[in-house]
Number of protein chains: 4
Amino acid sequence: MSRLLEPGAARSDGVTDDRAVLQSMLDVELAWVRVQRRLGLVTDDVVATVAAAAVADRHDVAAIAAQAEAGGNPVVPVVSSMREQVAFHAVSPEITASIHRGLTSQDVVDSALMLVASRALAPLGAMLRGAADATARLAFEHRGTVMIARTLAQPALPTTFGLKAAGWLAAFDDVLEELAMIRASLPVQCGGAAGTLAAVEALAPGRSTEAAALLAGELGLADLGRPWHTDRGPVTRLADALVRAADTMGKVAADIVTLSRAEIGELREPAAEGRGGSSTLPHKRNPVLCVLVRAVAIEAPHLGATLHSAAALAVDERPDGAWHAEWGALLRLLRRVVVAAAQTEEVLAGLVVDTQAMRRNVDAVGPALVSERARVLSDLGAGEGATDLLDPTAYLGAAECLVDRAIARHRASGEGRTP
Amino acid sequence: MSRLLEPGAARSDGVTDDRAVLQSMLDVELAWVRVQRRLGLVTDDVVATVAAAAVADRHDVAAIAAQAEAGGNPVVPVVSSMREQVAFHAVSPEITASIHRGLTSQDVVDSALMLVASRALAPLGAMLRGAADATARLAFEHRGTVMIARTLAQPALPTTFGLKAAGWLAAFDDVLEELAMIRASLPVQCGGAAGTLAAVEALAPGRSTEAAALLAGELGLADLGRPWHTDRGPVTRLADALVRAADTMGKVAADIVTLSRAEIGELREPAAEGRGGSSTLPHKRNPVLCVLVRAVAIEAPHLGATLHSAAALAVDERPDGAWHAEWGALLRLLRRVVVAAAQTEEVLAGLVVDTQAMRRNVDAVGPALVSERARVLSDLGAGEGATDLLDPTAYLGAAECLVDRAIARHRASGEGRTP
Amino acid sequence: MSRLLEPGAARSDGVTDDRAVLQSMLDVELAWVRVQRRLGLVTDDVVATVAAAAVADRHDVAAIAAQAEAGGNPVVPVVSSMREQVAFHAVSPEITASIHRGLTSQDVVDSALMLVASRALAPLGAMLRGAADATARLAFEHRGTVMIARTLAQPALPTTFGLKAAGWLAAFDDVLEELAMIRASLPVQCGGAAGTLAAVEALAPGRSTEAAALLAGELGLADLGRPWHTDRGPVTRLADALVRAADTMGKVAADIVTLSRAEIGELREPAAEGRGGSSTLPHKRNPVLCVLVRAVAIEAPHLGATLHSAAALAVDERPDGAWHAEWGALLRLLRRVVVAAAQTEEVLAGLVVDTQAMRRNVDAVGPALVSERARVLSDLGAGEGATDLLDPTAYLGAAECLVDRAIARHRASGEGRTP
Amino acid sequence: MSRLLEPGAARSDGVTDDRAVLQSMLDVELAWVRVQRRLGLVTDDVVATVAAAAVADRHDVAAIAAQAEAGGNPVVPVVSSMREQVAFHAVSPEITASIHRGLTSQDVVDSALMLVASRALAPLGAMLRGAADATARLAFEHRGTVMIARTLAQPALPTTFGLKAAGWLAAFDDVLEELAMIRASLPVQCGGAAGTLAAVEALAPGRSTEAAALLAGELGLADLGRPWHTDRGPVTRLADALVRAADTMGKVAADIVTLSRAEIGELREPAAEGRGGSSTLPHKRNPVLCVLVRAVAIEAPHLGATLHSAAALAVDERPDGAWHAEWGALLRLLRRVVVAAAQTEEVLAGLVVDTQAMRRNVDAVGPALVSERARVLSDLGAGEGATDLLDPTAYLGAAECLVDRAIARHRASGEGRTP
């Protein structure tokens with residue numbers, strides 16, 4: 001990764017970096033030893049010894065990474081490194097043999113990636129929830145703030161900023177629901193070398209599917225009741241939800257960037273020391289967080305498509321390249337969406353709304369903005385007082401009702417729904 | 001469309017062609033008049049007259065299409081054409097005025113596309129259900145048919161063809177569940193020119209959101225309780241599910257193409273008069289349906305990504321290009337997935353399984369195919385009779401159990417789940 | 001295709017529709033008979049008879065399309081239909097046998113698609129050239145028209161509209177050069193059933209590669225000196241250039257849509273009867289052509305990516321799905337880019353420039369727009385008259401020089417470079 | 001980046017990591033001071049002092065990265081860090097002021113990325129050239145090695161492995177030519193804050209475009225004669241060529257993986273200590289390098305599409321997100337293609353060809369493999385000795401001629417064409 005050209009990368013620290021990935025892989029291997037304990041295959045001592053070795057800081061990530069090519073993935077060197085660590089504590093062939101026994105590389109990588117995702121979805125959900133909360137406040141506060149509704153970039157009708165915010169809010173709440181559901185269903189992978197659980201059966205006859213379920217429990221992941229080594233639905237469902245989160249944030253950011261244009265001047269990103277400055281132009285106040293969020297929104301659909309391409313090209317009992325194409329795209333998608341969520345939350349929490357500019361722009365358009373109204377009423381053979389007919393604040397339709405609905409739904413969702 | 005270079009296009013006849021799209025637009029306009037009737041704004045006569053005009057065959061699709069550019073979409077000429085039709089029957093300004101009154105182009109296009117999708121999902125679901133049923137039969141019949149499990153294109157372990165089919169089946173059943181859920185939630189669009197329902201409020205004060213709900217009911221679509229003109233989640237959720245269906249079919253097709261290779265010879269597409277022939281090579285029997293399904297699977301992720309790009313670029317109260325980018329991609333995605341589903345169902349219903357070839361290939365690999373077993377057992381300090389140790393049919397792990405689970409789930413899903 | 005939801009589709013009539021594709025396939029088959037004549041394998045009579053049959057109107061496109069699935073492509077039914085046509089004129093086994101003899105389906109489909117592309121690139125080049133000519137006029141006329149340069153959506157410095165147009169122009173001229181080069185290099189495909197030219201060698205020993213070159217000559221395509229059945233560089237190079245054309249038009253359209261916003265008001269699409277109107281809002285004047293161009297620009301990268309995915313997945317001597325995935329994407333890309341070019345040319349030819357609005361917006365920003373200048377000069381220890389320092393028209397850098405360069409290059413390219 | 005899940009990442013060390021990116025940015029800033037020297041604006045001492053500071057190791061990359069968000073890109077903190085470094089050596093306002101004077105962030109980032117690309121294209125070209133050389137040797141050595149040509153995954157005709165290799169070779173040579181051309185045309189970016197070169201004009205009246213050309217010369221980049229801040233053709237042309245390189249390698253890898261299948265057994269990746277091993281199956285020899293190359297080929301089209309999306313969404317004088325979306329995709333594309341090229345070269349240099357297996361597979365198909373021949377000859381009314389008619393080695397068409405052409409072209413290109 002070039003953090004240098006990934007502004008805001010620090011906001012995702014610990015989420016998808018090598019240490020996080022390695023720790024998740026170690027967690028899977030340790031959990032599997034715990035499963036063996038529950039099956040009576042190893043003693044508590046074995047678990048304790050492996051647990052001591054299953055700490056990322058005790059391993060040389062760079063060395064493991066360097067050895068990952070030979071097997072096509074890092075599991076072989078991870079297991080070797082664990083066994084070396086264990087050997088420091090206790091020279092026991094039993095312990096060494098128990099590590100990874102019955103699993104395959106894909107069990108470890110897939111389960112570890114689901115763990116990485118599960119752990120990333122917690123802060124992601126919290127930040128999106130924060131963004132939604134801030135948006136709900138904007139919707140509430142500005143339910144009566146009249147502004148221009150624009151379609152195809154041209155003034156169309158009056159609306160309220162509260163309704164615009166309510167539109168953002170409903171989309172955030174949909175995304176939060178979906179991510180919560182996705183998080184709860186991220187599955188463990190446990191199928192052995194070819195998805196038959198043959199080695200696990202050999203270890204614990206008649207209990208292999210139970211072992212898979214136990215592994216899920218140990219890791220806090222779901223148990224699909226089957227391996228999914230070549231059915232990549234769990235990966236694309238996660239990816240699609242993440243891309244949808246990016247889409248949603250991209251829409252909000254596009255609105256804010258547009259309404260921040262000097263000639264419109266209705267919104268402004270919150271100021272922060274040094275932020276939005278230019279390397280040459282002292283007067284500039286760029287909506288830089290929104291710009292960065294838009295960058296993620298432009299990129300994310302392609303990352304999602306990469307994962308679908310990989311899913312579509314699966315073959316045999318483990319694909320010949322398609323599986324390997326998933327990792328980078330999924331990790332980058334997770335990281336970028338987390339960064340964008342942090343930026344979006346910050347923007348919405350401090351968004352500066354210039355209600356006077358909104359009104360000024362409404363007035364600048366003049367009566368044309370409510371021209372639809374006269375036509376509708378004349379069609380009906382109806383009419384009202386002329387003054388009222390031309391008053392944009394009197395042609396807001398169901399705006400208030402729609403704002404109330406969005407806020408009510410958001411409040412109702414408040415109890416523990418955060419993924 | 002070039003049907004010439006879209007082999008099998010006839011399998012999607014009526015699903016996404018111009019007539020189907022036009023009929024859906026007419027259905028939306030008619031349903032809206034019916035809503036006006038229920039609100040007491042028009043009489044039964046108006047409904048009857050508009051209903052007579054809301055038949056695609058009465059309109060000149062080509063002429064409407066030719067006029068679609070001026071407004072950026074075909075709604076203006078559709079409405080004009082309806083009004084002309086109505087004028088044949090009854091010269092009534094009331095009827096003319098009632099058509100499209102209070103709606104906006106996006107209400108009609110979005111709702112019509114959701115209708116098109118809803119109608120396409122019925123045969124799509126039936127065909128995928130047919131494919132799943134055939135796969136369940138294969139899984140059941142071949143639960144004991146030993147074959148090579150291949151990973152990274154190399155022989156790994158023994159498995160059964162039943163388990164391979166069970167893997168396909170589970171993925172099909174996931175897709176069926178998702179499509180059924182998606183179909184039930186396809187929403188009506190009803191927000192008026194800027195999402196405020198202002199004109200509807202002017203028509204029926206205090207009843208505009210009720211009107212939107214009534215429109216949903218008339219069309220058999222869902223009511224989100226809000227317009228979603230710039231929150232394109234409903235579109236991307238539909239698209240993602242369709243791409244996932246394509247991914248799933250692509251995986252099955254890749255397996256069949258691979259196992260049909262002359263040197264492997266384990267599977268064969270069903271024969272049909274003239275099918276799979278070459279323009280020059282009389283001996284060829286190409287797995288042509290699977291090849292065509294793979295083509296869809298390669299293309300579909302890009303169509304899905306187009307829709308996410310469009311969603312991510314939404315801005316204002318109607319986007320300046322992103323909305324327009326959705327239509328072609330969504331219609332093509334629907335059409336291509338329908339065609340692929342028809343082809344996949346046909347392949348699976350008649351799939352030729354050469355169990356002798358499967359066994360021959362297993363035997364050709366020899367003892368290496370179960371080498372894992374001896375290692376696992378020696379790690380355990382256990383052992384079995386040597387003959388048994390080298391018997392691939394005795395190292396199938398939980399294969400039978402996993403097959404049973406997949407079939408049981410499929411059967412349980414059989415009551416009315418087809419979307 | 002849904003022309004209904006592809007506004008402006010008529011602008012591409014005849015370019016990529018089934019009739020055009022079929023005619024190109026017939027042209028390839030006829031050219032091949034002509035090659036056989038030049039090799040002494042058939043007589044002039046054969047050529048004449050086949051020529052009479054090689055007219056799209058004499059064939060039942062729908063019937064051919066319906067039969068395309070069996071072989072995975074339409075070549076078998078095209079050849080059958082040609083033979084039936086020939087049988088009307090002369091019952092001659094010699095003529096029947098000569099059609100398609102030695103070729104394979106891929107030779108015909110690939111060559112026909114290159115022909116379709118070649119024919120599409122002629123009007124496409126002319127329209128883009130028209131767009132570039134109009135842009136050159138704008139650059140020339142407005143070389144002194146001061147306006148705001150905007151970066152990250154905020155006012156940055158003064159520039160001229162002439163320089164903005166010069167930027168568009170340079171990009172258009174790059175695209176024109178690339179398309180001209182691409183057009184001249186579109187290759188014929190001629191390799192026989194597996195790329196060895198074996199059947200052609202059997203027909204004309206020692207002359208098979210000459211035959212391929214003759215076929216290129218007959219069709220006005222290039223001869224790569226080899227078949228390229230599984231090296232899809234020629235397809236992706238074409239696609240990349242088309243996507244680049246779309247990117248370029250998308251940038252221009254985005255600028256125009258942005259500068260057409262009511263609050264900015266610097267540019268306006270040319271008016272046309274009924275264009276830009278809304279189905280409900282009489283006052284609206286939407287920049288509808290630019291909006292449609294933007295839709296193409298959003299979609300095109302995904303179409304290009306589809307073709308790269310297909311190229312990347314080629315295998316064997318003809319791919320098992322990747323080849324088939326190319327057709328729809330390439331035809332749609334061609335069609336959409338042609339439509340966008342027609343729309344772009346029309347917009348630029350009639351673009352309304354409000355120089356007063358440009359100046360008004362400059363003045364509204366005030367001295368901040370040239371704040372960089374004072375800083376640069378004070379860094380240098382230099383200075384100028386205060387009035388001048390704050391005059392935006394006196395801080396335009398090399399704008400005029402850059403405009404002159406762009407215009408000079410465009411004029412120099414004027415002699416016959418249009419693809 | 002997760003190197004852990006990017007097997008083989010070490011093969012790209014130094015190409016696109018943060019240090020390389022930072023060094024390129026420093027190189028641009030230093031080159032610009034040198035340009036100021038040539039324009040007489042600073043002394044040699046200034047250049048020397050800045051040169052001492054323009055060394056990546058003297059800067060805290062992590063700190064710079066952490067500050068990159070505020071301005072949306074890392075240029076502000078890079079310039080600050082340079083000025084701090086300079087202050088250690090000489091407290092001179094002149095020197096401090098000269099750094100970055102007249103440039104804008106985009107000048108530095110764009111030029112630095114072109115430098116990064118230029119530097120990556122050197123080893124990339126060398127590795128692809130190595131791959132092509134190895135392929136030429138394979139083509140030469142196996143010009144007479146008969147094997148099955150397969151189409152749609154089924155045996156079609158006889159061909160030679162030499163011809164298959166010649167097909168790979170021609171594609172490599174096309175890619176090499178394109179990359180060499182691209183490398184020679186990677187342009188410097190120099191336009192100042194809004195593309196007018198206004199600040200440079202203020203610094204050196206009448207010489208701003210000359211300054212841009214001098215900057216290009218200092219950096220070994222091309223001078224387009226204009227800024228290209230919102231015309232992203234140079235970026236997409238580079239990206240398209242890189243994706244095409246990936247496509248080409250993907251095709252070769254797919255062929256090798258397919259022909260390595262146990263049942264086919266015609267090719268084998270070179271063995272290396274520990275490579276291709278499984279975490280559980282001792283007998284496995286996976287074609288792991290080819291699998292990893294395929295993963296890059298699956299991902300690359302999406303990275304290229306990201307850059308086209310960014311190009312298509314450019315607006316104003318610097319885009320509001322589209323520019324920022326380029327960086328990660330371009331760097332990842334460069335890195336992944338370099339890794340794949342190293343892997344591809346290694347595979348081809350040591351590819352194991354089992355000519356006996358090729359012949360055995362030909363014989364297993366039997367006479368059907370040359371059935372086309374009898375038909376062609378009987379059409380002609382010709383015939384040959386029956387034995388010969390059924391001999392696959394006697395039905396190879398122009399295979400030898402095509403091999404010779406490919407090798408001759410490759411040799412002719414050998415003089416200094418490597419990018």
# chains A, B, ... in the order shown; residues from 1 in each chain; ligands from 1
>>> select_by_dssp(residues="region 225-278 of chain D", states="helix (DSSP H, G or I)", output="ChimeraX atom specification")
/D:233-259
>>> residues_around(residues="region 399-412 of chain A", least_positions_apart="4", cutoff="6 Å", atoms="only C-alpha atoms", output="ChimeraX atom specification")
/A:136,163,166,170 /B:196
>>> residues_around(residues="Ala131 (chain D)", least_positions_apart="6", cutoff="7 Å", atoms="only C-alpha atoms", output="VMD selection string")
chain D and resid 344 to 345 348 to 349
>>> write_last_selection(atoms="N, CA and C atoms", output="JSON list (two decimals), in the first residue's frame")
[["chain", "number", "residue", "atom", "x", "y", "z"],
["D", 344, "THR", "N", 5.70, -14.92, -14.60],
["D", 344, "THR", "CA", 5.54, -15.47, -15.95],
["D", 344, "THR", "C", 6.90, -15.78, -16.58],
["D", 345, "GLU", "N", 7.84, -14.88, -16.40],
["D", 345, "GLU", "CA", 9.18, -15.13, -16.95],
["D", 345, "GLU", "C", 9.76, -16.41, -16.36],
["D", 348, "LEU", "N", 8.04, -19.53, -17.86],
["D", 348, "LEU", "CA", 8.37, -19.83, -19.25],
["D", 348, "LEU", "C", 9.82, -20.25, -19.39],
["D", 349, "ALA", "N", 10.68, -19.67, -18.57],
["D", 349, "ALA", "CA", 12.10, -20.02, -18.66],
["D", 349, "ALA", "C", 12.34, -21.47, -18.29]]
>>> interface_residues(of="chain A", to="chain D", cutoff="6 Å", atoms="only C-alpha atoms", output="number ranges by chain")
A: 1-4, 7-8, 17-18, 65, 68-72, 76, 275-277, 279, 288, 291-292, 294-295, 299, 302, 306, 320-322, 324-325
>>> select_by_dssp(residues="region 118-217 of chain A", states="strand (DSSP E or B)", output="list in words")
Val146, Met147, Ile148, Ala149, Arg150, Thr151, Gln154, Pro155, Ala156, Leu157, Pro158, Thr159, Thr160 and Pro187 of chain A
>>> closest_residue(among="C:Lys164, C:Thr230, C:Ala239, C:Val188", to="Ala211 (chain C)", atoms="only C-alpha atoms")
C:Val188
>>> atom_distance(atom1="CA of Leu369 (chain D)", atom2="CA of Pro155 (chain D)")
7.0 Å
>>> residues_around(residues="Ala342 (chain A)", least_positions_apart="6", cutoff="8 Å", atoms="only C-alpha atoms", output="list in words")
Arg11, Leu124, Met127 and Leu128 of chain A
>>> atom_distance(atom1="CA of Glu201 (chain A)", atom2="CA of Gly397 (chain B)")
5.2 Å
>>> closest_residue(among="D:Val352, D:Val46, D:Gln85, D:Ala398", to="Ala271 (chain D)", atoms="only C-alpha atoms")
D:Val352
